[in-house]
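To keep things clear, I will list the structure first and then write my remarks on it.
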Amino acid sequence: MIREIINLSSSIENKLANLYKKFALLFPMDAQFWETIAEEEEHHADVINLEEKSFLSGSEYVREFYDAHIEDLRKAIAHIDSISDKYTKQENTTREAAFQDAISLENGAGEIHYQIAMTKKNPSWMLKRYIELNSEDENHAKRMKEYSKTIPKID
């Protein structure tokens with residue numbers, strides 16, 4: 001179960017990175033923005049993967065993550081996949097829609113990180129890392145909102 005939580009958490013970060021790379025290709029005028037966010041998501045996945053041995057070897061980790069929100073992680077992955085499919089098929093793929101979808105996804109990922117980390121009274125160093133990821137998700141959503149304000153509205 002622990003390995004599944006790690007794999008699902010890493011998968012969310014990688015799937016978001018891939019979606020943002022897709023946005024960079026679909027919307028070249030925003031490519032630099034999306035590529036930067038994609039790199040940050042890949043870094044999040046790398047952190048989770050690099051620390052896997054520590055996660056799995058620590059009994060503290062096992063106790064804290066045993067009851068983690070696996071179903072929430074699976075639902076998040078399915079939601080990311082469905083959004084990604086929409087852009088692969090180029091259905092309602094406006095720049096504005098891309099930002100709205102990305103902000104929604106970032107807020108959802110942040111909520112999962114928050115739920116996992118904050119259900120514990122005294123978070124370990126590992127849970128503190130999830131708190132950091134939550135903060136970074138919030139930062140992504142905030143940056144996306146600010147950047148999206150520069151997109152001209154289509155009437």
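Lettering and numbering for the structure tokens are positional, with chains as A, B, ... in the shown order, residues counted from 1 in each chain, and ligands counted from 1 in the shown order.
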**Request:** For Asp30 in chain A, list every protein, DNA or RNA residue within 12 Å, evaluated using only C-alpha atoms, and leave out those in the same chain fewer than 4 positions away; present the list as a PyMOL selection string.
**Result:** chain A and resi 20-26+34-37+94-96+98-99+144+147-148+150-151
**Request:** Tell me, as a list in words, which residues lie within 8 Å of Lys15 in chain A, counting only C-alpha atoms; anything in the same chain fewer than 4 positions away does not count.
**Result:** Ser11, Leu19, Ile77, Ile80 and Asp81 of chain A
**Message:** Excluding range 43-46 of chain A and its own-chain neighbours fewer than 5 positions away, which residues fall within 7 Å of it when counting only C-alpha atoms? Please give them as a ChimeraX atom specification.
**Reply:** /A:10,13-14
Those residues with N, CA and C atoms, as a compact mmCIF listing (two decimals), in the first residue's frame please?
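Done, and the output landed in out-v9.txt:
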# COMPACT_ATOMS: atom_id res chain seq x y z
N SER A 10 3.60 10.38 -7.28
CA SER A 10 4.55 10.70 -8.34
C SER A 10 3.85 10.79 -9.69
N GLU A 13 2.14 14.14 -10.32
CA GLU A 13 3.10 15.18 -10.70
C GLU A 13 3.55 15.01 -12.16
N ASN A 14 3.85 13.78 -12.56
CA ASN A 14 4.28 13.54 -13.94
C ASN A 14 3.17 13.81 -14.95
**Item:** Among listed residues A:Lys149, A:Ala109, A:Phe27, A:Glu71, nearest Glu136 in chain A (using only C-alpha atoms)
**Value:** A:Ala109
**Prompt:** Distance CA of Glu132 in chain A-CA of Gly108 in chain A, one decimal place?
**Reply:**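 CA of Gly108 in chain A lies at a distance of 15.1 Å from CA of Glu132 in chain A.
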**Asked** Which residue gives the smallest distance to Ile48 in chain A among A:Asn7, A:Asn139, A:Asn18, A:Thr88, with only C-alpha atoms counted?
**Response** A:Asn7
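Nearest residue to Tyr87 in chain A, choosing from A:Asp72, A:Pro152, A:Asp101, A:Leu50 and counting only C-alpha atoms: A:Asp101.
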**Request:** Enter the distance from CA of Asp85 in chain A to CA of Ser9 in chain A, in Å, rounded to one decimal.
**Result:**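 CA of Ser9 in chain A lies 20.1 Å from CA of Asp85 in chain A.
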**Distance in Å - CA of Ala17 in chain A versus CA of Glu40 in chain A** = 7.8 Å
